[in-house]
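Read through the structure below, which is laid out as structure tokens, and then see the notes.
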Amino acid sequence: MAVKNLVIVGGGPAGLAAAKAAYDCGERDILILERENELGGILEQCIHNGFGLHTFKEELTGPEYAQRYIDEVAKRGIEYKLASTVLEVTDEKKVTYVNATDGVVTVQAKAVILACGCRERPRGAINIAGMRGAGVFSAGTAQRLVNIEGYLPGREVVILGSGDIGLIMARRMTFEGAKVKAVVELMPYSSGLNRNIVQCLNDFGIPLKFSHTVVEIRGKDRVEGVVIAAVDKNVNPVMETAELIPCDTLLLSVGLLPENELAKNAGVALSPVTGGAVVDDNMMTNVEGIFQCGNVLHVHDLVDFVSSESENAGKCAAEYINGKRGADEKVTVKTVKGVRYCVPQQLSRDGNFEPLNLKMRVSNVFKKVELTVTCDGEKVYSRKRPVVAPGEMENITLNSEQVRKLKTAKEIVISLEGGDAK
Amino acid sequence: MYDIIIIGGGITGCAVARELSRSKAKIVVLEKGNDVSVGTTKANSGIVHGGFDAMPGTNKAKYNVLGNAMFDKLAEELDFPFKRNGSLVLCFDETQRGGLDELYERGVKNGVPDMEIISGDEARKLEPFISEKVTAALYARTGGIASPYEMAIAYAENANVNGVEFKFSQEVNGVKKKGEIFEVACADGTVYEAKVIVNCAGMFSDDINNMLCEKKLYIRARKGDYMLLDKACGYMCSRTVFQLPTKMGKGVLVTPTTHGNILIGPTSNDVESKEEVNTTAAELADAFEKALITMPSLSRRNIITQFSGLRAHEDGDDFVVGESNVKGFYNVCGIESPGLTAAPAIAVELAEQVAKALSLQPNENFEPVRKGIPQFSKLSDEERRKLIEKNPLYGKVVCRCEAVTEGEIVDSINRPVGAKDLDGVKRRTRAGMGRCQAGFCTPRIMEIIARELGIELSEVTKCGGNSQVVVGRTK
């Protein structure tokens, strides 16, 4: 059986950053497995700009951002295989992949980083009634058709969901001469970034209807229209408000789901909140030597944060291979009062008090709140926030002294205090 | 000039075509869709019924029991997914228990073997996730499941290999008899001639019959909505579980599919249009509520898709099978449940009748065996290696959810009666049937279809007709 120190599943932004960091920590025996014909992952179809403001202090397009990391990987001579689909990862870190030249190959790894990204929630998962002709696309599929294949999915478009890809595609379809008639959002707030609402909808006069949903899709061979309706407080449609919007295309931007079939098979414990693994501050899952980072762990807003999180995973994996990090006793980070989740969910009691980054999402839009981290009743960190929203990830960095308090505490609680948080 | 024209490429038309190809004859199947199995066949429960449901003496009862017994051999010959998983009819109320006895006795009269009435606890031992409220159940060991569209495709491929022609986008709008010869006119102006017509036109078989025959038929469209659940919860159900029909209604079934998903439904609702296959929010909600009676721990979160199909319900409430009062014009009409189970038996009997009437000679070259597309996901690593060595396209996974390779997709297009659109590829390979519901693989499969068929990407359709996936090039 082939042997590798570190196998990274996925050659998108997460896998590339992890590989680079692992190499820079001294690890030389690395293999990246990528199922597409190019490295770069989903960034390759994200041709709009706005990537890299945090990492590179400039605005790059998706492919430009990806290229910077592809170049870093190439410079280091890190091995990768394209058009190679991983079929199985076991709890013993045996990784089986398939491609056209090698056939089916199993590699025994010392550490595995799962960086396989996420997928879009499809129509079926949100139960829209009606006909089943052509013209219903998830926003990412439409994005690929336009940006990679060079074809227009439709001319008169309704978009359900105000996730970032939906917002970006509203603008992209408009540039291509399509008429985007409305963006319809079930919740009373957007799950996308505010800057995208401004730049992709407002600048083009595209209406955004909050607390509305699509209740029916019409048209036999192809979509001929969708019926939308307002929803009540319990997000049930109010049929008296139903209204037909003639269109030939419905794009869905209704959420991203971490793609965790491989992880499940390896016995990795998943969080019901994020859909990704439960990890500690080494980005290690409950299965020793299996790490996770990027959108397979939890869905990010900005690729910059994917990169930094994944560099941490790469570094920790390299150190794990060298015996510097292991499966220690762990303390759980509790999230209450308006904080939906925190990644990492656990901290390792490993005596390593390096500065630590915590990423979290809130459960609703709250105003004038204070984000606090408390250890055994002592407030260790707090930050005033005029407004927080589920669509914008909260990102805090704790210094060594604060980390020491957290990692030696019996109980860690993160919450929103004051304002209208509950 | 053909010997035989079969109108309709659903499960009955394809089965009749294959059985008739055992004889030397010039046969054509005229299908109005872009593929076989695109009407009622593609959207039904996929159940191989035991045969206790139909009233004794009816065609439904007869062909159900005969058909059921044929599946083991047939599935092996034609290589389509079939499993004899057994079925349960659940009784939730001791006062209704008589209903189970009635079904049992009906089954005995119909000749159904291997039935038994078992207690609620025994039923829960077989199916641990069914409701605590189940008091008794009728257990039919001969019940089974099949993939209805894959079965029809298998029949069609085998018929085609044995000489039957298939013509698509051929909507029949006129049938005349001139002397001994039938003239069949299609909407696009094409006219076909034949000595015999077999009407397997499903929802529209009354229209075809009524163009010619004095005895009119009337087919009603009875719609049923379904929901399909993720394979992740497939462990919850291994037998087909019905609810005992009561005054409150017929209930819905919860069944595994041959591919390991769970299927729930169908609702039952007479609709105006024979093309009205839209799901409705109310019916979907109703189906799920009823399924919860059977299996209270089913979760809506596991639903991956919904669809709806039409049952061809004939006013006489039975299958209409055989020669009509017009000599040489045969009907296979009103094939609603248990139509899938009955189709093999109907086809054999009808083919015999036609062969006798036309004095057809046996086709000595008849090949009964059809081999399906190798399924990468079901193979061992060793088998996969061998396959990839022979054809490297089997090393390129295109549909990640169902692990379908480019090799399988190319094969599905280039086979006899091959796929021409996204749905055709999906039915033959399962590409796009998984939990992401074709989000990732749609553009890739479009490229492969365009390449293999030598057409433009913008000409690729979802399901023929005007269902082009994209509307043109970008600026």
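Identifiers for the structure tokens are assigned positionally: chains receive A, B, ... in sequence, residues are indexed from 1 per chain, and ligands are indexed from 1 in the order shown.
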
Per residue of chain A within 8 Å of chain B, record the nearest atom pair and its distance in Å to one decimal, counting only C-alpha atoms, with rows in chain order and ascending residue number, as CSV.
residue,atom,partner,partner_atom,distance
A:Arg35,CA,B:Val397,CA,7.9
A:Ala83,CA,B:Lys396,CA,6.6
A:Ser84,CA,B:Lys396,CA,7.3
A:Thr85,CA,B:Val397,CA,6.4
A:Val98,CA,B:Gly395,CA,5.8
A:Asn99,CA,B:Gly395,CA,4.5
A:Ala100,CA,B:Gly395,CA,4.1
A:Thr101,CA,B:Pro392,CA,6.9
A:Gly103,CA,B:Arg385,CA,5.3
A:Val104,CA,B:Arg385,CA,5.8
A:Arg119,CA,B:Cys436,CA,7.0
A:Glu120,CA,B:Cys436,CA,6.9
A:Arg121,CA,B:Cys436,CA,6.8
A:Pro122,CA,B:Cys436,CA,5.9
A:Arg123,CA,B:Thr305,CA,7.3
A:Gly124,CA,B:Thr305,CA,3.8
A:Ala125,CA,B:Ile304,CA,5.0
A:Asn127,CA,B:Gln306,CA,7.1
A:Ile128,CA,B:Ala281,CA,7.4
A:Ala129,CA,B:Thr280,CA,5.0
A:Gly130,CA,B:Asn278,CA,4.4
A:Met131,CA,B:Asn278,CA,4.4
A:Arg132,CA,B:Asn278,CA,7.3
A:Gly133,CA,B:Ser467,CA,6.5
A:Ala134,CA,B:Ser467,CA,5.2
A:Gly135,CA,B:Val469,CA,6.3
A:Phe137,CA,B:Gly439,CA,7.3
A:Ser138,CA,B:Gly439,CA,6.3
A:Gly140,CA,B:Gly439,CA,7.7
A:Thr141,CA,B:Gly439,CA,5.7
A:Arg144,CA,B:Pro443,CA,7.5
A:Leu145,CA,B:Pro443,CA,6.5
A:Val146,CA,B:Thr474,CA,6.7
A:Glu149,CA,B:Pro443,CA,7.8
A:Gly150,CA,B:Thr474,CA,5.4
A:Tyr151,CA,B:Arg473,CA,4.3
A:Leu152,CA,B:Thr474,CA,5.2
A:Pro153,CA,B:Val470,CA,4.3
A:Gly154,CA,B:Val471,CA,5.5
A:Arg155,CA,B:Val471,CA,7.4
A:Glu176,CA,B:Lys475,CA,6.0
A:Gly177,CA,B:Lys475,CA,7.9
A:Val215,CA,B:Ala281,CA,7.6
A:Glu216,CA,B:Thr280,CA,7.7
A:Asp221,CA,B:Ser467,CA,4.6
A:Arg222,CA,B:Ser467,CA,5.2

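Those residues that approach Lys250 of chain B to within 12 Å, counting only C-alpha atoms, are Asp53, Val89, Leu90, Phe242, Gln243, Leu244, Pro245, Thr246, Lys247, Met248, Val252, Leu253, Gly265, Pro266, Thr267, Ser268, Asn269, Ala287, Lys290 and Ala291 of chain B; same-chain residues fewer than 2 positions away are not listed.
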
Grab the residues selected above and save them as a compact mmCIF listing (two decimals), in the first residue's frame with C-alpha atoms.
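And here's again-v7.txt as it stands now:
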# COMPACT_ATOMS: atom_id res chain seq x y z
CA ASP B 53 -55.44 -6.32 -3.24
CA VAL B 89 -50.20 -4.13 5.46
CA LEU B 90 -50.52 -2.45 8.83
CA PHE B 242 -48.84 -0.27 3.38
CA GLN B 243 -51.63 0.98 5.59
CA LEU B 244 -54.87 -0.97 5.77
CA PRO B 245 -57.43 0.98 3.74
CA THR B 246 -60.16 2.36 5.97
CA LYS B 247 -63.14 4.67 5.60
CA MET B 248 -60.63 7.46 6.15
CA VAL B 252 -49.84 5.89 1.84
CA LEU B 253 -46.97 3.47 1.63
CA GLY B 265 -46.67 8.36 -1.07
CA PRO B 266 -48.70 8.37 -3.21
CA THR B 267 -51.62 10.64 -2.58
CA SER B 268 -54.68 10.09 -4.77
CA ASN B 269 -56.43 12.93 -6.46
CA ALA B 287 -48.46 12.37 2.18
CA LYS B 290 -49.85 9.92 6.63
CA ALA B 291 -46.39 8.38 6.38

Exercise. Which residues come within 7 Å of Phe182 of chain B, counting only C-alpha atoms, excluding same-chain residues fewer than 4 positions away, as a PyMOL selection string?
Worked result: chain B and resi 175-178+193-195

Problem set entry | Test item: residues at most 10 Å from segment 179-191 of chain A, only C-alpha atoms, excluding those fewer than 4 positions along its chain, as number ranges by chain | A: 154-164, 166-167, 169-175, 197, 201, 204-214, 228-233, 235-237, 245-247, 249-255, 301, 364-365, 389-392

Problem set entry | Residue neighbourhood Leu138 of chain B, 12 Å, only C-alpha atoms, exclusion window fewer than 2 positions, as a ChimeraX atom specification | /B:50,52-53,86-92,97-107,114-120,122-123,134-136,140-143,240-244

Since we have the selection now, will you write its residues out, keeping N, CA and C atoms, as a CSV table (one decimal), in the first residue's frame?
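Listed below is the output, again_5.csv:
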chain,number,residue,atom,x,y,z
B,50,GLY,N,-47.9,-8.3,-4.1
B,50,GLY,CA,-48.2,-9.7,-3.8
B,50,GLY,C,-49.4,-10.2,-4.6
B,52,PHE,N,-52.9,-9.6,-3.3
B,52,PHE,CA,-54.1,-9.8,-2.5
B,52,PHE,C,-55.0,-8.6,-2.6
B,53,ASP,N,-54.6,-7.5,-3.3
B,53,ASP,CA,-55.4,-6.3,-3.2
B,53,ASP,C,-56.6,-6.4,-4.2
B,86,GLY,N,-40.6,-8.4,0.5
B,86,GLY,CA,-41.7,-8.6,1.3
B,86,GLY,C,-42.5,-7.4,1.6
B,87,SER,N,-43.8,-7.5,1.9
B,87,SER,CA,-44.6,-6.3,2.2
B,87,SER,C,-45.5,-6.6,3.4
B,88,LEU,N,-45.8,-5.5,4.1
B,88,LEU,CA,-46.7,-5.5,5.3
B,88,LEU,C,-47.9,-4.6,5.0
B,89,VAL,N,-49.1,-5.0,5.4
B,89,VAL,CA,-50.2,-4.1,5.5
B,89,VAL,C,-50.5,-3.9,6.9
B,90,LEU,N,-50.4,-2.7,7.4
B,90,LEU,CA,-50.5,-2.4,8.8
B,90,LEU,C,-51.9,-2.1,9.2
B,91,CYS,N,-52.3,-2.7,10.4
B,91,CYS,CA,-53.6,-2.4,11.0
B,91,CYS,C,-53.3,-1.7,12.3
B,92,PHE,N,-54.0,-0.5,12.5
B,92,PHE,CA,-53.7,0.3,13.6
B,92,PHE,C,-54.8,0.3,14.7
B,97,ARG,N,-59.4,-5.0,12.3
B,97,ARG,CA,-58.7,-6.2,12.1
B,97,ARG,C,-59.4,-7.1,11.0
B,98,GLY,N,-60.7,-7.0,10.9
B,98,GLY,CA,-61.4,-7.8,9.9
B,98,GLY,C,-60.9,-7.4,8.5
B,99,GLY,N,-60.5,-6.2,8.3
B,99,GLY,CA,-60.0,-5.8,7.0
B,99,GLY,C,-58.8,-6.6,6.6
B,100,LEU,N,-57.9,-6.9,7.5
B,100,LEU,CA,-56.7,-7.7,7.2
B,100,LEU,C,-57.2,-9.1,6.8
B,101,ASP,N,-58.1,-9.7,7.5
B,101,ASP,CA,-58.6,-11.0,7.2
B,101,ASP,C,-59.2,-11.1,5.8
B,102,GLU,N,-59.9,-10.0,5.5
B,102,GLU,CA,-60.5,-9.9,4.2
B,102,GLU,C,-59.4,-9.9,3.1
B,103,LEU,N,-58.4,-9.1,3.3
B,103,LEU,CA,-57.3,-9.1,2.3
B,103,LEU,C,-56.6,-10.5,2.2
B,104,TYR,N,-56.4,-11.1,3.3
B,104,TYR,CA,-55.8,-12.4,3.4
B,104,TYR,C,-56.6,-13.4,2.5
B,105,GLU,N,-57.9,-13.4,2.8
B,105,GLU,CA,-58.8,-14.3,2.0
B,105,GLU,C,-58.8,-14.0,0.5
B,106,ARG,N,-58.8,-12.7,0.2
B,106,ARG,CA,-58.8,-12.3,-1.2
B,106,ARG,C,-57.5,-12.9,-1.8
B,107,GLY,N,-56.4,-12.7,-1.1
B,107,GLY,CA,-55.1,-13.2,-1.6
B,107,GLY,C,-55.2,-14.7,-1.8
B,114,ASP,N,-47.6,-17.7,0.4
B,114,ASP,CA,-46.7,-17.2,1.5
B,114,ASP,C,-47.2,-15.9,2.2
B,115,MET,N,-48.5,-15.9,2.5
B,115,MET,CA,-49.0,-14.8,3.3
B,115,MET,C,-49.3,-15.2,4.7
B,116,GLU,N,-49.3,-14.3,5.6
B,116,GLU,CA,-49.5,-14.6,7.0
B,116,GLU,C,-50.0,-13.3,7.7
B,117,ILE,N,-50.9,-13.5,8.7
B,117,ILE,CA,-51.2,-12.4,9.5
B,117,ILE,C,-50.4,-12.5,10.8
B,118,ILE,N,-49.7,-11.4,11.1
B,118,ILE,CA,-48.8,-11.4,12.3
B,118,ILE,C,-49.3,-10.3,13.3
B,119,SER,N,-48.8,-10.5,14.5
B,119,SER,CA,-49.2,-9.5,15.5
B,119,SER,C,-48.4,-8.2,15.3
B,120,GLY,N,-48.8,-7.2,16.1
B,120,GLY,CA,-48.1,-5.9,16.0
B,120,GLY,C,-46.6,-6.0,16.4
B,122,GLU,N,-44.8,-8.8,16.3
B,122,GLU,CA,-44.0,-9.5,15.3
B,122,GLU,C,-43.7,-8.5,14.1
B,123,ALA,N,-44.6,-7.7,13.8
B,123,ALA,CA,-44.4,-6.7,12.7
B,123,ALA,C,-43.3,-5.8,13.1
B,134,VAL,N,-49.3,-0.1,15.9
B,134,VAL,CA,-49.7,-1.2,15.0
B,134,VAL,C,-50.2,-2.4,15.8
B,135,THR,N,-51.4,-2.9,15.5
B,135,THR,CA,-51.9,-4.0,16.3
B,135,THR,C,-51.7,-5.4,15.6
B,136,ALA,N,-51.7,-5.3,14.2
B,136,ALA,CA,-51.5,-6.6,13.5
B,136,ALA,C,-51.1,-6.2,12.1
B,140,ALA,N,-46.8,-10.4,3.4
B,140,ALA,CA,-46.8,-11.1,2.1
B,140,ALA,C,-45.3,-11.2,1.7
B,141,ARG,N,-44.8,-12.4,1.8
B,141,ARG,CA,-43.3,-12.6,1.5
B,141,ARG,C,-43.0,-12.4,0.1
B,142,THR,N,-44.0,-12.6,-0.8
B,142,THR,CA,-43.7,-12.5,-2.2
B,142,THR,C,-43.7,-11.0,-2.7
B,143,GLY,N,-44.0,-10.1,-1.9
B,143,GLY,CA,-44.0,-8.7,-2.3
B,143,GLY,C,-42.6,-8.3,-2.6
B,240,THR,N,-41.8,-3.2,2.2
B,240,THR,CA,-42.8,-2.3,1.7
B,240,THR,C,-43.9,-2.3,2.7
B,241,VAL,N,-44.2,-1.1,3.2
B,241,VAL,CA,-45.2,-1.0,4.3
B,241,VAL,C,-46.4,-0.2,3.9
B,242,PHE,N,-47.6,-0.9,3.7
B,242,PHE,CA,-48.8,-0.3,3.4
B,242,PHE,C,-49.6,0.0,4.6
B,243,GLN,N,-50.7,0.8,4.5
B,243,GLN,CA,-51.6,1.0,5.6
B,243,GLN,C,-52.9,0.3,5.2
B,244,LEU,N,-53.6,-0.3,6.1
B,244,LEU,CA,-54.9,-1.0,5.8
B,244,LEU,C,-55.9,0.1,5.4

Exercise. If you count only C-alpha atoms, which residues fall within 10 Å of Glu452 of chain B, apart from same-chain ones fewer than 2 positions away, as a ChimeraX atom specification?
Worked result: /B:409-411,413-414,420,446-450,454-455

Once you have the residues from the selection above, write them out as a tab-separated table (two decimals), in the first residue's frame, restricted to all heavy atoms.
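Output file again.tsv follows:
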chain	number	residue	atom	x	y	z
B	409	ILE	N	-21.92	7.20	-18.04
B	409	ILE	CA	-22.74	8.20	-18.72
B	409	ILE	C	-22.60	8.04	-20.24
B	409	ILE	O	-23.60	8.04	-20.98
B	409	ILE	CB	-22.37	9.62	-18.24
B	409	ILE	CG1	-22.77	9.75	-16.77
B	409	ILE	CG2	-23.06	10.69	-19.08
B	409	ILE	CD1	-22.23	10.97	-16.08
B	410	VAL	N	-21.37	7.86	-20.70
B	410	VAL	CA	-21.14	7.67	-22.14
B	410	VAL	C	-21.87	6.41	-22.60
B	410	VAL	O	-22.54	6.39	-23.64
B	410	VAL	CB	-19.62	7.59	-22.43
B	410	VAL	CG1	-19.37	7.12	-23.86
B	410	VAL	CG2	-18.98	8.95	-22.20
B	411	ASP	N	-21.76	5.35	-21.80
B	411	ASP	CA	-22.43	4.09	-22.14
B	411	ASP	C	-23.94	4.30	-22.24
B	411	ASP	O	-24.59	3.81	-23.17
B	411	ASP	CB	-22.09	3.05	-21.06
B	411	ASP	CG	-22.45	1.63	-21.50
B	411	ASP	OD1	-22.99	1.46	-22.60
B	411	ASP	OD2	-22.18	0.69	-20.73
B	413	ILE	N	-25.57	6.78	-23.12
B	413	ILE	CA	-25.95	7.53	-24.33
B	413	ILE	C	-25.79	6.66	-25.57
B	413	ILE	O	-26.62	6.71	-26.49
B	413	ILE	CB	-25.08	8.81	-24.45
B	413	ILE	CG1	-25.33	9.73	-23.25
B	413	ILE	CG2	-25.36	9.54	-25.76
B	413	ILE	CD1	-24.30	10.82	-23.07
B	414	ASN	N	-24.75	5.84	-25.57
B	414	ASN	CA	-24.43	5.09	-26.79
B	414	ASN	C	-25.03	3.70	-26.87
B	414	ASN	O	-24.83	2.99	-27.85
B	414	ASN	CB	-22.90	5.01	-26.95
B	414	ASN	CG	-22.31	6.38	-27.16
B	414	ASN	OD1	-22.95	7.26	-27.72
B	414	ASN	ND2	-21.09	6.60	-26.69
B	420	LYS	N	-30.89	10.60	-24.44
B	420	LYS	CA	-30.69	11.77	-25.29
B	420	LYS	C	-30.77	13.06	-24.50
B	420	LYS	O	-30.58	14.14	-25.05
B	420	LYS	CB	-31.77	11.78	-26.39
B	420	LYS	CG	-31.64	10.60	-27.34
B	420	LYS	CD	-32.59	10.71	-28.54
B	420	LYS	CE	-34.03	10.37	-28.19
B	420	LYS	NZ	-34.22	8.99	-27.74
B	446	MET	N	-24.15	17.78	-19.34
B	446	MET	CA	-24.52	18.48	-20.57
B	446	MET	C	-23.38	18.42	-21.59
B	446	MET	O	-23.60	18.17	-22.77
B	446	MET	CB	-24.85	19.94	-20.27
B	446	MET	CG	-26.18	20.12	-19.54
B	446	MET	SD	-26.35	21.82	-18.95
B	446	MET	CE	-26.54	22.70	-20.49
B	447	GLU	N	-22.15	18.65	-21.11
B	447	GLU	CA	-20.99	18.58	-22.01
B	447	GLU	C	-20.85	17.20	-22.64
B	447	GLU	O	-20.58	17.08	-23.84
B	447	GLU	CB	-19.69	18.88	-21.23
B	447	GLU	CG	-19.47	20.34	-20.93
B	447	GLU	CD	-18.21	20.54	-20.07
B	447	GLU	OE1	-17.33	19.67	-20.07
B	447	GLU	OE2	-18.15	21.58	-19.39
B	448	ILE	N	-21.03	16.17	-21.82
B	448	ILE	CA	-20.86	14.80	-22.33
B	448	ILE	C	-21.95	14.48	-23.36
B	448	ILE	O	-21.68	13.92	-24.43
B	448	ILE	CB	-20.87	13.77	-21.17
B	448	ILE	CG1	-19.71	14.05	-20.21
B	448	ILE	CG2	-20.79	12.35	-21.71
B	448	ILE	CD1	-19.77	13.25	-18.91
B	449	ILE	N	-23.20	14.87	-23.06
B	449	ILE	CA	-24.29	14.61	-24.01
B	449	ILE	C	-24.02	15.32	-25.33
B	449	ILE	O	-24.13	14.73	-26.41
B	449	ILE	CB	-25.66	15.07	-23.42
B	449	ILE	CG1	-26.05	14.19	-22.23
B	449	ILE	CG2	-26.75	15.03	-24.50
B	449	ILE	CD1	-27.33	14.63	-21.52
B	450	ALA	N	-23.63	16.59	-25.22
B	450	ALA	CA	-23.37	17.37	-26.45
B	450	ALA	C	-22.26	16.72	-27.26
B	450	ALA	O	-22.37	16.56	-28.48
B	450	ALA	CB	-23.00	18.81	-26.08
B	454	GLY	N	-23.01	14.87	-30.69
B	454	GLY	CA	-22.60	15.82	-31.72
B	454	GLY	C	-23.55	16.99	-31.86
B	454	GLY	O	-23.87	17.44	-32.96
B	455	ILE	N	-24.04	17.49	-30.72
B	455	ILE	CA	-24.93	18.66	-30.76
B	455	ILE	C	-24.32	19.80	-29.95
B	455	ILE	O	-23.33	19.61	-29.24
B	455	ILE	CB	-26.36	18.33	-30.22
B	455	ILE	CG1	-26.28	17.84	-28.77
B	455	ILE	CG2	-27.04	17.31	-31.11
B	455	ILE	CD1	-27.64	17.61	-28.11

For this session: Would you mind writing down, as a PyMOL selection string, each residue of segment 350-444 of chain B that DSSP on the backbone assigns to strand (DSSP E)?
Result: chain B and resi 397-399+404-405

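Counting only C-alpha atoms and comparing A:Gly12, A:Asn282, A:Ser348, A:Ile165, the residue that lies closest to Val296 of chain A is A:Gly12.
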
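Neighbouring residues of Pro56 of chain B at 8 Å or closer, counting only C-alpha atoms and skipping chain neighbours under 5 positions away, are B:Ala61, B:Lys62, B:Arg106, B:Lys109, B:Asn110.
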
Generate a file of the selected residues that holds all heavy atoms, formatted as a short mmCIF file (atom, residue, chain, number, x, y, z; two decimals), in the first residue's frame.
data_model
loop_
_atom_site.label_atom_id
_atom_site.label_comp_id
_atom_site.auth_asym_id
_atom_site.auth_seq_id
_atom_site.Cartn_x
_atom_site.Cartn_y
_atom_site.Cartn_z
N ALA B 61 -56.23 -8.97 -10.78
CA ALA B 61 -55.84 -10.08 -9.90
C ALA B 61 -55.04 -11.12 -10.68
O ALA B 61 -53.97 -11.57 -10.25
CB ALA B 61 -57.07 -10.72 -9.27
N LYS B 62 -55.55 -11.46 -11.85
CA LYS B 62 -54.92 -12.51 -12.65
C LYS B 62 -53.47 -12.14 -13.02
O LYS B 62 -52.53 -12.89 -12.74
CB LYS B 62 -55.76 -12.73 -13.91
CG LYS B 62 -55.13 -13.65 -14.95
CD LYS B 62 -56.01 -13.72 -16.21
CE LYS B 62 -55.17 -14.05 -17.43
NZ LYS B 62 -55.94 -13.93 -18.67
N ARG B 106 -58.81 -12.73 0.24
CA ARG B 106 -58.78 -12.35 -1.16
C ARG B 106 -57.49 -12.86 -1.81
O ARG B 106 -57.48 -13.37 -2.92
CB ARG B 106 -58.84 -10.82 -1.28
CG ARG B 106 -59.68 -10.33 -2.42
CD ARG B 106 -59.55 -8.84 -2.56
NE ARG B 106 -60.30 -8.11 -1.56
CZ ARG B 106 -60.11 -6.81 -1.30
NH1 ARG B 106 -59.19 -6.12 -1.95
NH2 ARG B 106 -60.84 -6.21 -0.40
N LYS B 109 -57.76 -16.49 -2.54
CA LYS B 109 -58.57 -16.72 -3.74
C LYS B 109 -57.80 -16.37 -5.01
O LYS B 109 -57.94 -17.02 -6.04
CB LYS B 109 -59.85 -15.86 -3.69
CG LYS B 109 -60.96 -16.50 -2.89
CD LYS B 109 -62.26 -15.73 -3.03
CE LYS B 109 -63.20 -16.15 -1.90
NZ LYS B 109 -64.06 -15.06 -1.44
N ASN B 110 -56.97 -15.32 -4.93
CA ASN B 110 -56.20 -14.90 -6.11
C ASN B 110 -54.99 -15.81 -6.37
O ASN B 110 -54.33 -15.68 -7.39
CB ASN B 110 -55.71 -13.46 -5.95
CG ASN B 110 -56.85 -12.46 -6.03
OD1 ASN B 110 -57.94 -12.79 -6.48
ND2 ASN B 110 -56.59 -11.24 -5.58
#

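The smallest atom-to-atom distance between Ala317 of chain A and any of A:Glu38, A:Glu417, A:Glu329, A:Glu27, using only C-alpha atoms, is found for A:Glu27.
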